[in-house]
>>> print(open('start.cif').read())   # mmCIF, C-alpha atoms
data_final
#
loop_
_atom_site.label_atom_id
_atom_site.label_comp_id
_atom_site.auth_asym_id
_atom_site.auth_seq_id
_atom_site.Cartn_x
_atom_site.Cartn_y
_atom_site.Cartn_z
CA MET A 236 152.35 98.83 149.01
CA ILE A 237 149.16 100.90 149.20
CA LYS A 238 148.50 100.26 145.52
CA ARG A 239 148.86 96.50 146.10
CA ILE A 240 146.40 96.59 149.00
CA ILE A 241 143.85 98.56 146.93
CA SER A 242 144.35 96.27 143.96
CA HIS A 243 143.82 93.21 146.18
CA LYS A 244 140.62 94.69 147.65
CA VAL A 245 139.30 95.53 144.18
CA ARG A 246 139.97 91.96 143.01
CA ARG A 247 138.15 90.56 146.06
CA ILE A 248 135.17 92.82 145.42
CA LEU A 249 135.05 91.93 141.73
CA THR A 250 135.35 88.21 142.52
CA TYR A 251 132.53 88.49 145.08
CA LEU A 252 130.28 90.31 142.60
CA LEU A 253 131.06 87.83 139.84
CA VAL A 254 130.27 84.82 142.06
CA ARG A 255 127.08 86.45 143.32
CA HIS A 256 125.96 87.27 139.80
CA THR A 257 126.73 83.74 138.59
CA VAL A 258 124.82 82.12 141.46
CA SER A 259 121.86 84.43 140.91
CA TYR A 260 121.88 83.63 137.19
CA ILE A 261 121.96 79.88 137.86
CA ILE A 262 119.10 80.09 140.37
CA CYS A 263 116.95 82.28 138.09
CA ASN A 264 117.67 80.13 135.06
CA PHE A 265 116.73 77.02 137.04
CA MET A 266 113.50 78.61 138.22
CA TYR A 267 112.55 79.73 134.69
CA THR A 268 113.41 76.30 133.31
CA GLU A 269 111.23 74.64 135.92
CA VAL A 270 108.34 77.01 135.15
CA ASP A 271 108.82 76.42 131.42
CA VAL A 272 108.79 72.63 131.86
CA GLN A 273 105.63 72.77 133.95
CA SER A 274 103.96 75.11 131.46
CA ILE A 275 104.80 72.80 128.56
CA LYS A 276 103.32 69.88 130.49
CA ILE A 277 100.11 71.82 131.19
CA LEU A 278 99.90 72.92 127.56
CA ARG A 279 100.50 69.41 126.22
CA LYS A 280 97.87 67.88 128.54
CA ALA A 281 95.29 70.55 127.65
CA LEU A 282 95.82 70.08 123.91
CA GLU A 283 95.58 66.29 124.20
CA ASP A 284 92.34 66.56 126.19
CA LEU A 285 90.60 69.36 124.31
CA CYS A 286 91.61 69.07 120.66
CA SER A 287 89.44 67.46 118.00
CA SER A 288 88.71 67.80 114.30
CA ASP A 289 86.53 70.80 115.22
CA HIS A 290 88.99 72.41 117.63
CA TYR A 291 92.53 72.35 116.33
CA LEU A 292 93.37 76.03 115.79
CA PHE A 293 94.23 78.32 118.67
CA ALA A 294 94.80 82.02 119.13
CA VAL A 295 97.32 83.47 121.59
CA SER A 296 94.39 84.55 123.79
CA ASP A 297 93.45 80.87 124.23
CA PHE A 298 96.87 80.14 125.71
CA ARG A 299 96.67 83.19 127.96
CA ALA A 300 93.42 81.81 129.37
CA LEU A 301 95.04 78.41 129.90
CA LEU A 302 98.17 79.85 131.57
CA PRO A 303 97.04 83.14 133.15
CA ASP A 304 100.08 83.43 135.43
CA LEU A 305 102.58 83.59 132.56
CA LYS A 306 103.83 87.03 131.59
CA VAL A 307 103.77 88.10 127.94
CA ASN A 308 107.43 87.32 127.25
CA ALA A 309 107.22 83.99 129.07
CA LEU A 310 104.21 83.01 126.95
CA LYS A 311 106.06 83.95 123.77
CA THR A 312 108.99 81.78 124.84
CA LEU A 313 106.66 78.91 125.68
CA LEU A 314 104.98 79.04 122.26
CA SER A 315 108.37 79.20 120.53
CA ARG A 316 109.49 76.08 122.40
CA ALA A 317 106.19 74.34 121.67
CA GLN A 318 106.86 74.96 117.97
CA ALA A 319 110.47 73.80 118.25
CA ASN A 320 109.50 70.47 119.76
CA GLY A 321 106.64 69.91 117.31
CA LEU A 322 103.78 70.35 119.73
CA LEU A 323 102.36 73.31 117.79
CA LYS A 324 102.73 74.70 114.29
CA ARG A 325 102.42 78.40 113.48
CA VAL A 326 99.79 79.08 110.82
CA CYS A 327 100.21 82.84 110.80
CA ARG A 328 100.81 85.58 113.30
CA GLY A 329 98.77 84.80 116.42
CA ILE A 330 97.28 81.51 115.20
CA TYR A 331 98.65 78.05 116.01
CA LEU A 332 97.79 74.57 114.77
CA TYR A 333 97.73 71.34 116.75
CA ASP A 334 98.15 68.73 114.03
CA ARG A 335 97.93 65.58 116.14
CA VAL A 336 94.23 65.24 115.40
CA ASP A 337 92.42 64.52 112.15
CA TYR A 338 91.55 68.07 111.10
CA PRO A 339 89.98 69.33 107.82
CA ARG A 340 93.13 70.31 105.92
CA GLY A 341 91.33 72.00 103.05
CA TYR A 342 89.70 74.54 105.35
CA ILE A 343 92.63 75.79 107.44
CA LEU A 344 92.76 79.25 105.82
CA TYR A 345 89.02 79.75 106.27
CA HIS A 346 89.11 78.65 109.90
CA ALA A 347 92.18 80.81 110.54
CA ALA A 348 90.37 83.80 109.01
CA SER A 349 87.43 83.17 111.32
CA ARG A 350 89.71 83.14 114.36
CA LEU A 351 91.76 86.15 113.26
CA ARG A 352 88.75 88.43 112.87
CA ALA A 353 86.37 86.87 115.38
CA GLU A 354 85.35 90.31 116.66
CA HIS A 355 84.48 91.62 113.17
CA PHE A 356 81.81 91.02 110.56
CA ASN A 357 83.38 88.97 107.76
CA TYR A 358 82.15 87.06 104.75
CA ILE A 359 83.72 85.18 101.84
CA SER A 360 83.42 87.24 98.67
CA LEU A 361 85.25 88.66 95.65
CA GLU A 362 87.43 86.20 93.70
CA THR A 363 87.00 83.31 96.13
CA ALA A 364 83.20 83.40 96.08
CA LEU A 365 83.03 83.84 92.32
CA SER A 366 85.64 81.17 91.69
CA ASP A 367 83.56 78.70 93.70
CA GLU A 368 80.60 79.65 91.50
CA GLY A 369 82.63 78.96 88.36
CA ILE A 370 82.43 82.61 87.29
CA ILE A 371 86.16 83.30 87.68
CA SER A 372 88.78 80.74 86.76
CA GLN A 373 92.06 82.63 87.08
CA VAL A 374 92.60 83.09 90.79
CA PRO A 375 95.80 82.87 92.87
CA ILE A 376 96.43 79.43 94.33
CA ASN A 377 96.00 79.11 98.10
CA ARG A 378 94.56 82.60 98.57
CA ILE A 379 91.14 83.39 99.96
CA THR A 380 89.37 86.75 99.83
CA LEU A 381 86.91 88.11 102.36
CA MET A 382 85.08 91.35 103.01
CA SER A 383 85.52 92.54 106.58
CA SER A 384 84.35 95.33 108.86
CA GLY A 385 87.97 95.42 110.03
CA ARG A 386 90.80 97.08 108.17
CA SER A 387 92.09 95.80 104.84
CA SER A 388 95.13 93.56 105.11
CA ILE A 389 96.78 90.49 103.65
CA ILE A 390 97.82 87.81 106.12
CA ASN A 391 100.71 85.61 105.07
CA CYS A 392 100.26 82.00 106.16
CA ALA A 393 103.56 80.74 104.72
CA ALA A 394 103.18 77.48 102.78
CA LEU A 395 99.44 77.37 103.46
CA GLY A 396 98.82 80.50 101.39
CA SER A 397 97.34 83.87 102.33
CA ILE A 398 94.15 85.50 103.57
CA GLU A 399 93.04 88.84 102.15
CA PHE A 400 90.64 90.97 104.15
CA VAL A 401 89.05 93.89 102.26
CA HIS A 402 87.31 96.55 104.33
CA THR A 403 83.59 97.12 103.89
CA LYS A 404 81.20 99.54 105.56
CA LYS A 405 78.23 97.32 104.83
CA ARG A 406 76.33 96.13 107.88
CA PRO A 407 75.20 92.55 108.55
CA ASP A 408 71.54 93.51 108.86
CA SER A 409 71.57 95.08 105.39
CA LEU A 410 73.03 91.92 103.83
CA ALA A 411 71.05 89.22 105.62
CA ALA A 412 69.20 88.10 102.48
CA ARG A 413 72.38 88.13 100.38
CA LEU A 414 74.49 85.89 102.55
CA ILE A 415 74.51 82.19 103.31
CA TYR A 416 76.34 80.48 106.13
CA ASP A 417 79.07 78.14 104.94
CA LYS A 418 79.28 75.60 107.75
CA PRO A 419 82.48 73.80 106.61
CA CYS A 420 84.27 77.17 106.27
CA ARG A 421 82.70 78.54 109.49
CA LEU A 422 82.08 81.84 107.71
CA TRP A 423 79.32 83.73 105.97
CA ARG A 424 79.51 83.64 102.19
CA ALA A 425 78.29 86.19 99.64
CA LYS A 426 75.73 85.09 97.11
CA ARG A 427 76.61 85.63 93.47
CA ASP A 428 75.05 89.09 93.07
CA LEU A 429 76.72 90.43 96.21
CA ALA A 430 80.13 89.03 95.24
CA LEU A 431 79.81 90.71 91.83
CA GLU A 432 78.78 93.95 93.50
CA ASP A 433 81.79 93.75 95.84
CA ILE A 434 84.15 93.17 92.90
CA LYS A 435 82.92 96.40 91.32
CA ALA A 436 82.82 98.35 94.61
CA VAL A 437 86.47 97.69 95.52
CA GLY A 438 87.77 98.22 91.98
CA ARG A 439 88.87 94.70 91.15
CA ASN A 440 89.64 93.73 87.56
CA PRO A 441 86.29 92.82 85.91
CA ASP A 442 88.10 91.19 82.99
CA LEU A 443 88.53 88.06 85.10
CA ILE A 444 84.76 87.55 85.19
CA ASN A 445 83.23 85.17 82.66
CA TRP A 446 80.11 87.18 81.85
CA LYS A 447 78.76 84.44 79.62
CA VAL A 448 78.58 82.14 82.63
CA VAL A 449 76.96 84.92 84.68
CA ASN A 450 74.31 85.55 82.01
CA ASP A 451 73.65 81.83 81.53
CA ILE A 452 73.08 81.41 85.28
CA VAL A 453 70.74 84.40 85.36
#
>>> encode(input="start.cif", output="structure tokens")
Amino acid sequence: MIKRIISHKVRRILTYLLVRHTVSYIICNFMYTEVDVQSIKILRKALEDLCSSDHYLFAVSDFRALLPDLKVNALKTLLSRAQANGLLKRVCRGIYLYDRVDYPRGYILYHAASRLRAEHFNYISLETALSDEGIISQVPINRITLMSSGRSSIINCAALGSIEFVHTKKRPDSLAARLIYDKPCRLWRAKRDLALEDIKAVGRNPDLINWKVVNDIV
């Protein structure tokens, strides 16, 4: 008899806890869903109002500024859902594309590189700079190379290609006369002599260089 009473009380307690937990879950889930819906609406409206052919790439910090009340995990969830419903496309880690405007498709990697290392000194050099000069012909497709005051790394941008940053200790003031600003790319670009110097400095394969073309230009 005593065992039955205890067993009955235990079942009542467990049932109470289960119902309470379920109700709490439903309420919390509803609240998060409502917040998520509102955040998506705010994000969609902001992108529609602000985006143009000049402003179509966004860093995570941009979204934090737009939705300052969202916690880190909530923002991650929001961006995942924005990708799932086609509002945003992920270019690479931390960079997102809004493709509902007429943007310069041939410059995405360059613009992404500019956003990724906005706090560092960067310039187009090595194989990319020399390939554009016609001095190197055998270069990987959809890969751009830059010198950077930040650490060396290769950023995978999926189907778009990759961005290679190679560390340099050179300072902007020492290179002022050897750089030109590439407005379409939104980056500084090494002149021929500096790009050749960088190739040698970082130990790249010099066999790729067409020295006949270099000498003819000189």
>>> closest_residue(input="start.cif", among="A:Leu351, A:Val336, A:Leu429, A:Val449", to="Ser409 (chain A)", atoms="all atoms listed in the file")
A:Leu429
>>> atom_distance(input="start.cif", atom1="CA of Tyr291 (chain A)", atom2="CA of Ser366 (chain A)")
27.1 Å
>>> atom_distance(input="start.cif", atom1="CA of Ala309 (chain A)", atom2="CA of Arg328 (chain A)")
17.1 Å
>>> residues_around(input="start.cif", residues="Val401 (chain A)", least_positions_apart="3", cutoff="12 Å", atoms="all atoms listed in the file", output="PyMOL selection string")
chain A and resi 352+356-362+379-390+398+404-405+433-434+436-439
>>> closest_residue(input="start.cif", among="A:Cys392, A:Leu443, A:Leu410, A:Ile275", to="Arg316 (chain A)", atoms="all atoms listed in the file")
A:Ile275
>>> resolve_selection(input="start.cif", expression="the PyMOL selection byres ((chain A and resi 343) around 12)", output="PyMOL selection string")
chain A and resi 288-293+325-327+330-334+338-342+344-351+377-379+392+394-398+419-421
>>> residues_around(input="start.cif", residues="region 304-308 of chain A", least_positions_apart="3", cutoff="12 Å", atoms="all atoms listed in the file", output="list in words")
Tyr267, Val270, Asp271, Gln273, Ser274, Ile275, Val295, Ser296, Phe298, Arg299, Ala300, Leu301, Lys311, Thr312, Leu313, Leu314 and Ser315 of chain A
>>> write_last_selection(input="start.cif", atoms="C-alpha atoms", output="PDB file, in the frame of the given file")
ATOM      1  CA  TYR A 267     112.550  79.730 134.690  1.00  0.00           C
ATOM      2  CA  VAL A 270     108.340  77.010 135.150  1.00  0.00           C
ATOM      3  CA  ASP A 271     108.820  76.420 131.420  1.00  0.00           C
ATOM      4  CA  GLN A 273     105.630  72.770 133.950  1.00  0.00           C
ATOM      5  CA  SER A 274     103.960  75.110 131.460  1.00  0.00           C
ATOM      6  CA  ILE A 275     104.800  72.800 128.560  1.00  0.00           C
ATOM      7  CA  VAL A 295      97.320  83.470 121.590  1.00  0.00           C
ATOM      8  CA  SER A 296      94.390  84.550 123.790  1.00  0.00           C
ATOM      9  CA  PHE A 298      96.870  80.140 125.710  1.00  0.00           C
ATOM     10  CA  ARG A 299      96.670  83.190 127.960  1.00  0.00           C
ATOM     11  CA  ALA A 300      93.420  81.810 129.370  1.00  0.00           C
ATOM     12  CA  LEU A 301      95.040  78.410 129.900  1.00  0.00           C
ATOM     13  CA  LYS A 311     106.060  83.950 123.770  1.00  0.00           C
ATOM     14  CA  THR A 312     108.990  81.780 124.840  1.00  0.00           C
ATOM     15  CA  LEU A 313     106.660  78.910 125.680  1.00  0.00           C
ATOM     16  CA  LEU A 314     104.980  79.040 122.260  1.00  0.00           C
ATOM     17  CA  SER A 315     108.370  79.200 120.530  1.00  0.00           C
TER      18      SER A 315
END
>>> axis_aligned_box(input="start.cif", around="region 364-376 of chain A", padding_each_side="3 Å", output="JSON")
{"center_x": 88.5, "center_y": 81.3, "center_z": 91.4, "size_x": 21.8, "size_y": 11.1, "size_z": 15.3}
>>> atom_distance(input="start.cif", atom1="CA of Phe400 (chain A)", atom2="CA of Leu285 (chain A)")
29.6 Å
>>> decode(input="start.cif", residues="region 356-392 of chain A", atoms="N, CA and C atoms", output="tab-separated table (two decimals), in the first residue's frame")
chain	number	residue	atom	x	y	z
A	356	PHE	N	47.25	46.44	-43.77
A	356	PHE	CA	47.80	46.97	-45.01
A	356	PHE	C	47.91	45.81	-46.00
A	357	ASN	N	47.22	45.93	-47.12
A	357	ASN	CA	47.21	44.86	-48.12
A	357	ASN	C	47.43	45.45	-49.51
A	358	TYR	N	48.03	44.66	-50.37
A	358	TYR	CA	48.11	45.07	-51.77
A	358	TYR	C	48.24	43.84	-52.67
A	359	ILE	N	47.66	43.94	-53.86
A	359	ILE	CA	47.71	42.86	-54.85
A	359	ILE	C	49.15	42.73	-55.33
A	360	SER	N	49.66	41.51	-55.33
A	360	SER	CA	51.05	41.31	-55.76
A	360	SER	C	51.24	39.86	-56.22
A	361	LEU	N	52.52	39.45	-56.26
A	361	LEU	CA	52.89	38.09	-56.62
A	361	LEU	C	52.27	37.66	-57.95
A	362	GLU	N	51.75	36.45	-58.02
A	362	GLU	CA	51.28	35.90	-59.30
A	362	GLU	C	50.14	36.71	-59.91
A	363	THR	N	49.25	37.21	-59.07
A	363	THR	CA	48.11	37.96	-59.61
A	363	THR	C	48.56	39.24	-60.31
A	364	ALA	N	49.43	40.00	-59.65
A	364	ALA	CA	49.91	41.25	-60.25
A	364	ALA	C	50.70	40.98	-61.52
A	365	LEU	N	51.55	39.97	-61.49
A	365	LEU	CA	52.39	39.68	-62.65
A	365	LEU	C	51.59	39.04	-63.78
A	366	SER	N	50.57	38.29	-63.44
A	366	SER	CA	49.70	37.72	-64.47
A	366	SER	C	48.96	38.83	-65.21
A	367	ASP	N	48.50	39.83	-64.47
A	367	ASP	CA	47.80	40.96	-65.08
A	367	ASP	C	48.73	41.78	-65.97
A	368	GLU	N	50.03	41.69	-65.69
A	368	GLU	CA	51.02	42.40	-66.51
A	368	GLU	C	51.44	41.56	-67.72
A	369	GLY	N	50.99	40.30	-67.77
A	369	GLY	CA	51.37	39.42	-68.86
A	369	GLY	C	52.73	38.78	-68.67
A	370	ILE	N	53.27	38.85	-67.46
A	370	ILE	CA	54.60	38.32	-67.17
A	370	ILE	C	54.54	36.86	-66.73
A	371	ILE	N	53.43	36.46	-66.16
A	371	ILE	CA	53.19	35.07	-65.77
A	371	ILE	C	51.89	34.61	-66.43
A	372	SER	N	51.93	33.46	-67.04
A	372	SER	CA	50.73	32.96	-67.72
A	372	SER	C	50.10	31.78	-67.00
A	373	GLN	N	50.90	31.00	-66.29
A	373	GLN	CA	50.39	29.80	-65.62
A	373	GLN	C	50.06	30.12	-64.16
A	374	VAL	N	48.84	30.51	-63.94
A	374	VAL	CA	48.39	30.82	-62.58
A	374	VAL	C	47.11	30.05	-62.30
A	375	PRO	N	46.88	29.68	-61.03
A	375	PRO	CA	45.65	28.96	-60.69
A	375	PRO	C	44.41	29.78	-61.03
A	376	ILE	N	43.39	29.11	-61.54
A	376	ILE	CA	42.15	29.80	-61.88
A	376	ILE	C	41.41	30.19	-60.60
A	377	ASN	N	40.82	31.38	-60.62
A	377	ASN	CA	40.02	31.87	-59.49
A	377	ASN	C	40.80	31.90	-58.18
A	378	ARG	N	42.03	32.38	-58.25
A	378	ARG	CA	42.84	32.55	-57.04
A	378	ARG	C	43.55	33.90	-57.14
A	379	ILE	N	43.46	34.69	-56.11
A	379	ILE	CA	44.16	35.96	-56.11
A	379	ILE	C	45.18	35.97	-54.98
A	380	THR	N	46.29	36.68	-55.20
A	380	THR	CA	47.37	36.71	-54.22
A	380	THR	C	47.64	38.14	-53.78
A	381	LEU	N	47.78	38.32	-52.49
A	381	LEU	CA	48.03	39.64	-51.93
A	381	LEU	C	49.11	39.56	-50.85
A	382	MET	N	49.86	40.63	-50.72
A	382	MET	CA	50.75	40.79	-49.58
A	382	MET	C	49.94	41.49	-48.49
A	383	SER	N	50.20	41.14	-47.24
A	383	SER	CA	49.40	41.68	-46.15
A	383	SER	C	50.23	41.84	-44.89
A	384	SER	N	49.93	42.89	-44.13
A	384	SER	CA	50.59	43.06	-42.84
A	384	SER	C	50.04	42.06	-41.82
A	385	GLY	N	48.93	41.42	-42.15
A	385	GLY	CA	48.37	40.37	-41.30
A	385	GLY	C	49.08	39.05	-41.55
A	386	ARG	N	48.63	38.02	-40.88
A	386	ARG	CA	49.29	36.73	-41.01
A	386	ARG	C	49.00	36.09	-42.37
A	387	SER	N	49.87	35.19	-42.76
A	387	SER	CA	49.67	34.46	-44.02
A	387	SER	C	48.54	33.45	-43.86
A	388	SER	N	47.68	33.38	-44.85
A	388	SER	CA	46.59	32.41	-44.82
A	388	SER	C	45.94	32.32	-46.20
A	389	ILE	N	45.27	31.21	-46.43
A	389	ILE	CA	44.52	31.02	-47.66
A	389	ILE	C	43.05	30.89	-47.28
A	390	ILE	N	42.22	31.75	-47.84
A	390	ILE	CA	40.80	31.78	-47.55
A	390	ILE	C	40.04	31.09	-48.67
A	391	ASN	N	39.34	30.03	-48.31
A	391	ASN	CA	38.55	29.29	-49.29
A	391	ASN	C	37.19	29.97	-49.49
A	392	CYS	N	36.90	30.31	-50.73
A	392	CYS	CA	35.62	30.95	-51.05
A	392	CYS	C	34.76	30.04	-51.92
